[in-house]
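*Asks:* Below you will find the structure I want to go over with you.
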There are 2 protein chains.
Amino acid sequence: MATGLSSLYARRAKEVQASSIREICKLISNSKICSMAGGWPDPKTFPAEEIREIATRVLTDYPEMALQYGASEGIPALCEELARWTASRDGISCTPDQVFVTSGSAQGMELVAKVLIEPGDVAFVGLPTYFGGTGACRTFGAELVGVPLDDDGMNPEALEARIDGARSAGKKPKLIYIIPDFQNPTGATLPVERRKRIVDLANEYDLAIVEDNPYRNLCFTGKPLPPLKAFDTEGRIVCLRSFSKIFCPGFRLAFAIGEKDMIRRMVISRQFEDCCSNVFAQYILLEFIKEGLLDDQIEKNCRYYKKKRDVLLESLDRHFPKSVKWNRPAGGFFVFVHLPDTMDSEELLRHAVDRNVAFVAGTPFYIDNRGRNTFRLSYAQADEEAMKEAVAVLGRLIEERTQQESGERR
Amino acid sequence: MATGLSSLYARRAKEVQASSIREICKLISNSKICSMAGGWPDPKTFPAEEIREIATRVLTDYPEMALQYGASEGIPALCEELARWTASRDGISCTPDQVFVTSGSAQGMELVAKVLIEPGDVAFVGLPTYFGGTGACRTFGAELVGVPLDDDGMNPEALEARIDGARSAGKKPKLIYIIPDFQNPTGATLPVERRKRIVDLANEYDLAIVEDNPYRNLCFTGKPLPPLKAFDTEGRIVCLRSFSKIFCPGFRLAFAIGEKDMIRRMVISRQFEDCCSNVFAQYILLEFIKEGLLDDQIEKNCRYYKKKRDVLLESLDRHFPKSVKWNRPAGGFFVFVHLPDTMDSEELLRHAVDRNVAFVAGTPFYIDNRGRNTFRLSYAQADEEAMKEAVAVLGRLIEERTQQESGERR
């Protein structure tokens, strides 16, 4: 009799929820569905030819290095290159030993949580926010406290009130998880004054900040604002950056920047996870950057996704009823939609999937089960024509529901 | 003032020790040292040309899939292929949903610990044993109990006594961590009767087993013994297998096999780590297996490493004094050396490094700080000539120490 191990599971395993997005993406892979669900980039943006050429060269010139284990912190030449690249692009000055190549920025988040979170520690997160960040904190027993977002992202006053509240309740405030640029899911950008103020709060209250920023480089108008890290005088911020949206996600390459000793702790914890990131992929990325291809690729992707954003926004303007609200993001992948309060986005999703349209219902982005009337649309993955049609389908479904509801009220 | 985050570290981060092997490898990279330290394979075994050809084809034929995110459990075709491959090679029958592609088997171990270990749970481990396994258990608060190994690996009677002991002390025995084939570091192989008995004990005492088996396929004489998993009637065993030693480590590809629900929990936990393994690397491995190249590669590696083992054993016979004991492994990478009781292998290591020879001192393989007179030699990475010379250097250093000691005793 196969009893399995269920009687032996730890509490954290029983509590952890599957990532809604990963599950939806699994459901809809290989189907005819128009997915505006995941934050998956459009494969048309992948620099496949350049990667092919570089891969061939790497495997011809130094296979003995590219196929071997590498340092847990990343191959040294890549760490150096990333330190330079970040300094020139974002004005964050850092040394190579403050750079840590991770397998996706999710791993960076997980390692921060592993190093910092004791059970019961409080992590402050946006309401709504990406559940990758909150999931990692939960795994290590953090108590999550939500800070409502407005059109400009996280409000420092609301944050401070909650830090005070946690303290008064005898709890240990530990970290702030924040996505300052083109926030996931709301698309909001945090103004500079708020960035400074939130760093000040971390200093004042002895907190860490995780600045999660996978979409920062996909900025459609001019340069992005300075990162919070640029105002970090006390080494309290760990920045998480990703190559998934500006290069390709299949390589699982990202990096963290932080104060030296914190990075060192994360590296040591990583030695008992995957030891190091894929070394072959690291060398390919290194050559890609050294040849100056990454900056071109970013520009290309910005133009590409800006156009897709415009297509989605135009379609929404055309097909969605006036009672529905959404943002106009200046970068990234996402539009966040608010239906009338009485409407349920999960119910809408079920009907939408029947008509081959997918999105992510909003509730998983809220740690308090709110957001039932919200959902997230991504303009990244779907083709433009399919997206137009999908929005028309959604618009009709919402209209139907609105009429039903007004009928019921009458 | 950069204060950093040290005041905010969780206890697990303060307690975790850097992997001695990873640290040594870092120290000795780019130097003239003859390293018999890490379990790094010989780069001459890497199938670089085959990988180059396949990589080119994958990036020409389906870059949109190979560079995209993939399922957290592994790309479906690879899971299917691995289920088939394991069935035919090891007689473990399993369905594709019992197969989970991980980023190194270290990640598999970490995820088992994440799913199963509550603080205070007892994990039984070999004395000595690979510290990757024990490190992962420690991260989640396990109490480790050592089971002394003999020439045949873990003794089931000694194991049972310790399970009883833990129970009587009011503790919760949770899992057995075991490396049955060409154990790391002792090189020992567990006989079939012991395999069966240890599975019985897990059933009897309601325990999980982690069967960590990165070296299994490097079996120098005939076929390896059936894995413990072949006797697992209750779905209690998670098998960890790796492609690092039979393909290449730079791809960070490994897989776990286990009961369906357990694998599912591990997959969900992984969604908050690195989301999925490098997808490009998974497709390359898939094609490599489908073309029948993996089985050839394994045979080639077996012949290659058998020869290197013979070179090391002959050198040891020639250069090491009679007071020193070591095993003659039938596979894998390692010879484990016992110096006379009074001798200190860490002191020997310091002198050895001065003469450009490196190994791993034995203590990190013991959870109880014993093994000061032991060390591990790997015949995998170093060139044969360099290895012969290195062993001669070590032999002389040991002789010197022996004479000093006998002088002191007189």
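Simple scheme: letters A, B, ... for chains in structure tokens order, numbers from 1 for residues in each chain, numbers from 1 for ligands in the order shown.
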Skipping near chain neighbours, those fewer than 6 positions away, what residues fall within 8 Å of Ile209 of chain A using only C-alpha atoms, listed as a list in words?
*Replies:*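 So the residues in contact are Leu175, Ile176, Tyr177, Ile178, Val199, Ala202, Arg236, Ile237 and Val238 of chain A.
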*Asks:* Determine, for each residue of chain B having at least one atom at most 7 Å from an atom of chain A, the closest pair of atoms and their separation in Å to one decimal, counting only C-alpha atoms; order by chain and ascending number, as CSV.
*Replies:*
residue,atom,partner,partner_atom,distance
B:Met1,CA,A:Glu234,CA,5.5
B:Ala2,CA,A:Glu234,CA,3.9
B:Thr3,CA,A:Glu234,CA,5.2
B:Gly4,CA,A:Gly235,CA,4.5
B:Leu5,CA,A:Arg236,CA,5.9
B:Leu8,CA,A:Leu116,CA,6.0
B:Tyr9,CA,A:Leu116,CA,4.6
B:Ala10,CA,A:Leu116,CA,4.7
B:Ala13,CA,A:Val115,CA,4.9
B:Ala18,CA,A:Ile268,CA,5.2
B:Ser19,CA,A:Gln271,CA,6.6
B:Lys26,CA,A:Ala71,CA,6.8
B:Pro43,CA,A:Glu64,CA,5.0
B:Ala48,CA,A:Pro63,CA,6.1
B:Arg52,CA,A:Thr56,CA,5.9
B:Thr56,CA,A:Arg52,CA,6.0
B:Leu59,CA,A:Arg52,CA,6.1
B:Pro63,CA,A:Ala48,CA,6.1
B:Glu64,CA,A:Pro43,CA,5.0
B:Ala66,CA,A:Gly250,CA,6.4
B:Leu67,CA,A:Gly250,CA,4.2
B:Gln68,CA,A:Gly250,CA,4.5
B:Tyr69,CA,A:Gly250,CA,4.9
B:Ala71,CA,A:Lys26,CA,6.7
B:Ser103,CA,A:Asp274,CA,5.5
B:Gly104,CA,A:Asp274,CA,5.4
B:Ala106,CA,A:Glu273,CA,5.4
B:Gln107,CA,A:Glu273,CA,4.5
B:Glu110,CA,A:Glu273,CA,5.8
B:Val115,CA,A:Ala13,CA,4.9
B:Leu116,CA,A:Tyr9,CA,4.6
B:Ile117,CA,A:Ala10,CA,5.6
B:Glu118,CA,A:Ala10,CA,5.4
B:Gly132,CA,A:Phe272,CA,5.9
B:Gly135,CA,A:Phe272,CA,6.4
B:Ala136,CA,A:Phe272,CA,5.7
B:Ala208,CA,A:Leu5,CA,6.8
B:Thr233,CA,A:Ala2,CA,6.1
B:Glu234,CA,A:Ala2,CA,3.8
B:Gly235,CA,A:Gly4,CA,4.5
B:Arg236,CA,A:Gly4,CA,5.4
B:Cys248,CA,A:Leu67,CA,5.7
B:Pro249,CA,A:Gln68,CA,5.3
B:Gly250,CA,A:Leu67,CA,4.2
B:Phe251,CA,A:Asn278,CA,5.0
B:Arg252,CA,A:Asn278,CA,5.7
B:Glu259,CA,A:Gly4,CA,6.0
B:Met262,CA,A:Leu5,CA,6.5
B:Arg265,CA,A:Ala13,CA,6.6
B:Ile268,CA,A:Ala18,CA,5.2
B:Gln271,CA,A:Ser19,CA,6.6
B:Phe272,CA,A:Ala136,CA,5.7
B:Glu273,CA,A:Gln107,CA,4.5
B:Asp274,CA,A:Gln107,CA,5.0
B:Asn278,CA,A:Phe251,CA,5.0
B:Val279,CA,A:Gly250,CA,4.8
B:Phe280,CA,A:Gly250,CA,6.1
*Asks:* Which residue gives the smallest distance to Pro340 of chain B among B:Tyr379, B:Phe100, B:Trp326, B:Tyr305, with only C-alpha atoms counted?
*Replies:* B:Trp326
*Asks:* Got a sec: who's within 8 Å of segment 388-404 of chain B, counting only C-alpha atoms, leaving out chain neighbours fewer than 5 positions off, as a list in words?
*Replies:*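 Result of the neighbour search: Cys34, Val311, Leu312, Ser315, Leu316, His319, Phe320, Pro321, Met343, Leu348, His351, Ala352, Arg355 and Val357 of chain B.
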*Asks:* At what distance in Å, to one decimal, does atom CA of Thr363 of chain A lie from atom CA of Ile163 of chain A?
*Replies:* 23.7 Å
*Asks:* Enumerate the residues of segment 35-191 of chain A with a DSSP assignment of helix (DSSP H, G or I), computed from the backbone, and present them as a ChimeraX atom specification.
*Replies:* /A:43-45,48-61,63-66,76-90,96-98,105-116,131-139,156-168
*Asks:* How about saving the chosen residues, C-alpha atoms kept, as a PDB file, in the first residue's frame?
*Replies:*
ATOM      1  CA  PRO A  43       9.207  34.689 -27.639  1.00  0.00           C
ATOM      2  CA  LYS A  44       9.519  36.935 -30.690  1.00  0.00           C
ATOM      3  CA  THR A  45      11.782  39.149 -28.598  1.00  0.00           C
ATOM      4  CA  ALA A  48      17.893  33.407 -30.573  1.00  0.00           C
ATOM      5  CA  GLU A  49      20.369  33.932 -33.394  1.00  0.00           C
ATOM      6  CA  GLU A  50      22.809  35.888 -31.274  1.00  0.00           C
ATOM      7  CA  ILE A  51      22.533  33.275 -28.531  1.00  0.00           C
ATOM      8  CA  ARG A  52      23.152  30.503 -31.043  1.00  0.00           C
ATOM      9  CA  GLU A  53      26.303  32.157 -32.334  1.00  0.00           C
ATOM     10  CA  ILE A  54      27.634  32.879 -28.855  1.00  0.00           C
ATOM     11  CA  ALA A  55      26.759  29.380 -27.611  1.00  0.00           C
ATOM     12  CA  THR A  56      28.714  27.819 -30.459  1.00  0.00           C
ATOM     13  CA  ARG A  57      31.695  30.020 -29.718  1.00  0.00           C
ATOM     14  CA  VAL A  58      31.636  29.361 -25.965  1.00  0.00           C
ATOM     15  CA  LEU A  59      31.449  25.595 -26.533  1.00  0.00           C
ATOM     16  CA  THR A  60      34.302  25.767 -29.030  1.00  0.00           C
ATOM     17  CA  ASP A  61      36.613  28.077 -27.092  1.00  0.00           C
ATOM     18  CA  PRO A  63      33.835  24.099 -22.946  1.00  0.00           C
ATOM     19  CA  GLU A  64      35.916  22.899 -19.987  1.00  0.00           C
ATOM     20  CA  MET A  65      34.856  26.042 -18.107  1.00  0.00           C
ATOM     21  CA  ALA A  66      31.363  26.526 -19.518  1.00  0.00           C
ATOM     22  CA  PRO A  76      33.648  36.305 -11.476  1.00  0.00           C
ATOM     23  CA  ALA A  77      33.795  37.974 -14.900  1.00  0.00           C
ATOM     24  CA  LEU A  78      30.000  38.189 -14.998  1.00  0.00           C
ATOM     25  CA  CYS A  79      29.806  39.672 -11.495  1.00  0.00           C
ATOM     26  CA  GLU A  80      32.321  42.313 -12.583  1.00  0.00           C
ATOM     27  CA  GLU A  81      30.435  43.054 -15.770  1.00  0.00           C
ATOM     28  CA  LEU A  82      27.131  43.360 -13.883  1.00  0.00           C
ATOM     29  CA  ALA A  83      28.667  45.701 -11.325  1.00  0.00           C
ATOM     30  CA  ARG A  84      29.840  47.956 -14.174  1.00  0.00           C
ATOM     31  CA  TRP A  85      26.576  47.665 -16.076  1.00  0.00           C
ATOM     32  CA  THR A  86      24.486  48.576 -13.038  1.00  0.00           C
ATOM     33  CA  ALA A  87      26.728  51.486 -12.161  1.00  0.00           C
ATOM     34  CA  SER A  88      26.471  52.952 -15.641  1.00  0.00           C
ATOM     35  CA  ARG A  89      22.755  52.285 -16.091  1.00  0.00           C
ATOM     36  CA  ASP A  90      21.308  52.897 -12.654  1.00  0.00           C
ATOM     37  CA  PRO A  96      31.744  42.752  -7.793  1.00  0.00           C
ATOM     38  CA  ASP A  97      31.499  41.108  -4.351  1.00  0.00           C
ATOM     39  CA  GLN A  98      28.208  42.903  -3.842  1.00  0.00           C
ATOM     40  CA  SER A 105      15.108  36.768  -9.022  1.00  0.00           C
ATOM     41  CA  ALA A 106      12.697  34.451  -7.218  1.00  0.00           C
ATOM     42  CA  GLN A 107      15.741  32.672  -5.838  1.00  0.00           C
ATOM     43  CA  GLY A 108      17.169  35.987  -4.684  1.00  0.00           C
ATOM     44  CA  MET A 109      13.923  36.677  -2.823  1.00  0.00           C
ATOM     45  CA  GLU A 110      13.904  33.208  -1.311  1.00  0.00           C
ATOM     46  CA  LEU A 111      17.473  33.619  -0.090  1.00  0.00           C
ATOM     47  CA  VAL A 112      16.771  37.011   1.457  1.00  0.00           C
ATOM     48  CA  ALA A 113      13.876  35.445   3.339  1.00  0.00           C
ATOM     49  CA  LYS A 114      16.024  32.472   4.350  1.00  0.00           C
ATOM     50  CA  VAL A 115      18.714  34.758   5.741  1.00  0.00           C
ATOM     51  CA  LEU A 116      16.429  37.263   7.467  1.00  0.00           C
ATOM     52  CA  PHE A 131       2.880  36.720  -4.678  1.00  0.00           C
ATOM     53  CA  GLY A 132       6.353  35.361  -5.420  1.00  0.00           C
ATOM     54  CA  GLY A 133       7.702  37.768  -2.834  1.00  0.00           C
ATOM     55  CA  THR A 134       5.028  37.069  -0.254  1.00  0.00           C
ATOM     56  CA  GLY A 135       5.266  33.299  -0.842  1.00  0.00           C
ATOM     57  CA  ALA A 136       8.980  33.254  -0.030  1.00  0.00           C
ATOM     58  CA  CYS A 137       8.430  35.229   3.186  1.00  0.00           C
ATOM     59  CA  ARG A 138       5.591  32.930   4.217  1.00  0.00           C
ATOM     60  CA  THR A 139       7.749  29.831   3.720  1.00  0.00           C
ATOM     61  CA  PRO A 156       5.145  55.958   3.135  1.00  0.00           C
ATOM     62  CA  GLU A 157       2.700  57.290   5.717  1.00  0.00           C
ATOM     63  CA  ALA A 158       0.533  54.212   5.481  1.00  0.00           C
ATOM     64  CA  LEU A 159       3.709  52.132   5.739  1.00  0.00           C
ATOM     65  CA  GLU A 160       4.927  53.975   8.833  1.00  0.00           C
ATOM     66  CA  ALA A 161       1.574  53.594  10.537  1.00  0.00           C
ATOM     67  CA  ARG A 162       1.760  49.845  10.000  1.00  0.00           C
ATOM     68  CA  ILE A 163       5.343  49.601  11.237  1.00  0.00           C
ATOM     69  CA  ASP A 164       4.286  51.460  14.381  1.00  0.00           C
ATOM     70  CA  GLY A 165       1.275  49.210  14.698  1.00  0.00           C
ATOM     71  CA  ALA A 166       3.381  46.055  14.486  1.00  0.00           C
ATOM     72  CA  ARG A 167       5.814  47.400  17.053  1.00  0.00           C
ATOM     73  CA  SER A 168       3.049  48.379  19.459  1.00  0.00           C
TER      74      SER A 168
END
*Asks:* So the first atom is atom CA of Glu143 of chain B and the second is atom CA of Lys171 of chain B; what is the distance between them in Å, to one decimal place?
*Replies:*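 Computing it gives 9.3 Å between the two atoms.
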*Asks:* In Å, rounded to a single decimal, give me how far atom CA of Leu339 of chain A is from atom CA of Gly371 of chain A.
*Replies:*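 Here the two named atoms are 9.6 Å from each other.
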*Asks:* For the strand (DSSP E) assignment from backbone DSSP, which residues of segment 326-375 of chain B qualify? Please present them as a PyMOL selection string.
*Replies:* chain B and resi 326+334-338+357-358+360-361+374-375
*Asks:* With distances taken over only C-alpha atoms, which residue among B:Leu149, B:Leu285, B:Leu349, B:Leu313 lies nearest Glu384 of chain B?
*Replies:* B:Leu313
